[in-house]
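Asks: Have a look at the structure that comes next, please.
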Amino acid sequence: MLIRIIADLLIFIGAVFATAGTIGVVKMPDPYSRMQASTCIATLGMLGVMLGALLYAIFVMASASAAIKVCVIAMLIFVTNPVGAHAIVKGAYRHGIRPDKPMEVDDFRRDFDE
């Protein structure tokens, strides 16, 4: 019973972080800030959901195959989310989309010889 409560709490916390990421995408001023909000917060939100799902699969369902599937999905999310966000931001920079305020550190400039 305690494991079920902990799993539900982790899933709820993950959902709250994912919702905060969604609100951040709407409220942030430029594409770079939006991408940071969506990537960091959504990844953190998925961490809570995946930990809760893993606890649920192991202790409540007692299913090793479900636990392995949850682990594989979590690893794919943690690998593809930051890489995809980096590719999208680099593409936006290449097409001339810049933030509203000047960047303190501009690592992309050296990639495009500007």
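In the structure tokens, the first chain shown is A, the next is B, and so on; residue numbers restart at 1 for each chain, and ligands run from 1 in the order shown.
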Name the residues in contact with Met1 in chain A at a cut-off of 10 Å, using only C-alpha atoms, excluding same-chain residues fewer than 6 positions from it; report them as a compact mmCIF listing (two decimals) with N, CA and C atoms, in the first residue's frame.

Replies:
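Generated file (part_31.txt):
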# COMPACT_ATOMS: atom_id res chain seq x y z
N ALA A 7 4.25 5.67 -5.55
CA ALA A 7 4.19 5.67 -7.01
C ALA A 7 3.20 6.72 -7.51
N PHE A 59 6.29 -3.40 -8.12
CA PHE A 59 5.69 -3.82 -6.86
C PHE A 59 4.19 -4.09 -6.93
N VAL A 60 3.46 -3.37 -7.75
CA VAL A 60 2.01 -3.57 -7.80
C VAL A 60 1.65 -4.61 -8.86

Asks: Tell me which protein, DNA and RNA residues are within 8 Å of range 91-94 of chain A, counting only C-alpha atoms, leaving out same-chain ones fewer than 4 positions away, and put them as a list in words.

Replies: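 The neighbour list is Ala87, Arg98, Phe108 and Phe112 of chain A.
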
Asks: Which is closer to Leu76 in chain A than all the others in A:Met28, A:Met50, A:Met103, A:Met35, using only C-alpha atoms?

Replies: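 Looking only at the distances to Leu76 in chain A, the closest residue turns out to be A:Met50.
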
Asks: Report as a list of chain:residue names all protein, DNA and RNA residues lying within 12 Å of Lys101 in chain A, evaluated on only C-alpha atoms, omitting residues in the same chain fewer than 3 positions from it.

Replies: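 Surrounding residues, per the criterion: A:Pro29, A:Asp30, A:Pro31, A:Tyr32, A:Ser33, A:Ile97, A:Arg98, A:Glu104, A:Val105.
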
Asks: Mind writing the picked residues with C-alpha atoms as a compact mmCIF listing (two decimals), in the first residue's frame?

Replies:
# COMPACT_ATOMS: atom_id res chain seq x y z
CA PRO A 29 9.59 35.50 -24.64
CA ASP A 30 11.82 33.92 -27.30
CA PRO A 31 12.36 30.51 -28.91
CA TYR A 32 15.52 29.79 -26.93
CA SER A 33 13.80 30.31 -23.58
CA ILE A 97 16.25 33.65 -35.27
CA ARG A 98 17.97 35.38 -32.36
CA GLU A 104 26.34 36.63 -23.11
CA VAL A 105 27.88 33.49 -24.59

Asks: Report as number ranges by chain: the residues of chain A with a DSSP assignment of alpha helix (DSSP H), based on the backbone of this structure.

Replies: A: 2-27, 31-36, 42-55, 64-94, 108-111

Asks: For CA of Ile77 in chain A and CA of His95 in chain A, determine how far apart the two atoms are, in Å to one decimal place.

Replies: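 These atoms are spaced 26.7 Å apart.
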
Asks: Please compute the CA of Ala67 in chain A-CA of Leu55 in chain A distance, one decimal, in Å.

Replies: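 That distance, rounded to one decimal, is 8.1 Å.
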
Asks: Quick one, how far is CA of Ala53 in chain A from CA of Leu10 in chain A?

Replies: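 Spanning CA of Ala53 in chain A to CA of Leu10 in chain A is a straight-line distance of 8.5 Å.
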
Asks: Of the candidates A:Asp106, A:Gln36, A:Val70, A:Ala20, which shows the shortest atom-to-atom distance to His86 in chain A, using only C-alpha atoms?

Replies: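 Smallest separation from His86 in chain A among the options: A:Gln36.
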
Asks: If we count only C-alpha atoms and set the cut-off at 12 Å, which residues sit around Ile68 in chain A, ignoring sequence neighbours fewer than 4 positions away in its own chain? Please answer as a PDB file with C-alpha atoms, in the first residue's frame.

Replies:
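Result saved to part-v5.pdb:
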ATOM      1  CA  MET A  50       8.725   7.083 -15.139  1.00  0.00           C
ATOM      2  CA  ALA A  53       5.495   3.823 -13.339  1.00  0.00           C
ATOM      3  CA  LEU A  54       8.584   1.745 -12.562  1.00  0.00           C
ATOM      4  CA  LEU A  55       7.567   1.346  -8.912  1.00  0.00           C
ATOM      5  CA  ALA A  57       5.285  -2.098 -12.535  1.00  0.00           C
ATOM      6  CA  ILE A  58       7.667  -3.767 -10.096  1.00  0.00           C
ATOM      7  CA  ALA A  62       4.910  -7.630 -10.330  1.00  0.00           C
ATOM      8  CA  SER A  63       5.803  -7.586 -14.009  1.00  0.00           C
ATOM      9  CA  ALA A  64       9.447  -7.635 -15.080  1.00  0.00           C
ATOM     10  CA  VAL A  72      13.634   1.576 -22.135  1.00  0.00           C
ATOM     11  CA  ILE A  73      11.100   4.363 -22.676  1.00  0.00           C
ATOM     12  CA  ALA A  74      12.745   6.481 -19.956  1.00  0.00           C
ATOM     13  CA  MET A  75      16.196   6.019 -21.479  1.00  0.00           C
TER      14      MET A  75
END

Asks: Please list as a ChimeraX atom specification every residue within 6 Å of range 43-47 of chain A, counting only C-alpha atoms and excluding residues in the same chain fewer than 4 positions away.

Replies: /A:14-15,17-18,39

Asks: Could you check the closest approach to Ile5 in chain A for each of A:Tyr56, A:Pro99, A:Val79, A:Ile41 and tell me which residue wins, using only C-alpha atoms?

Replies: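 Once distances to Ile5 in chain A are computed over only C-alpha atoms, the minimum belongs to A:Tyr56.
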
Asks: Hey, which of A:Ile88, A:Ala66, A:Val83, A:Ile6 ends up closest to Arg34 in chain A? Count only C-alpha atoms.

Replies: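 Of A:Ile88, A:Ala66, A:Val83, A:Ile6, the one nearest Arg34 in chain A is A:Ile88, counting only C-alpha atoms.
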
Asks: Which residue is closest to Cys40 in chain A? Choose from A:Cys71, A:Gly24, A:Gly96, A:Asp107 and count only C-alpha atoms.

Replies: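 Using only C-alpha atoms, Cys40 in chain A sits closest to A:Gly24.
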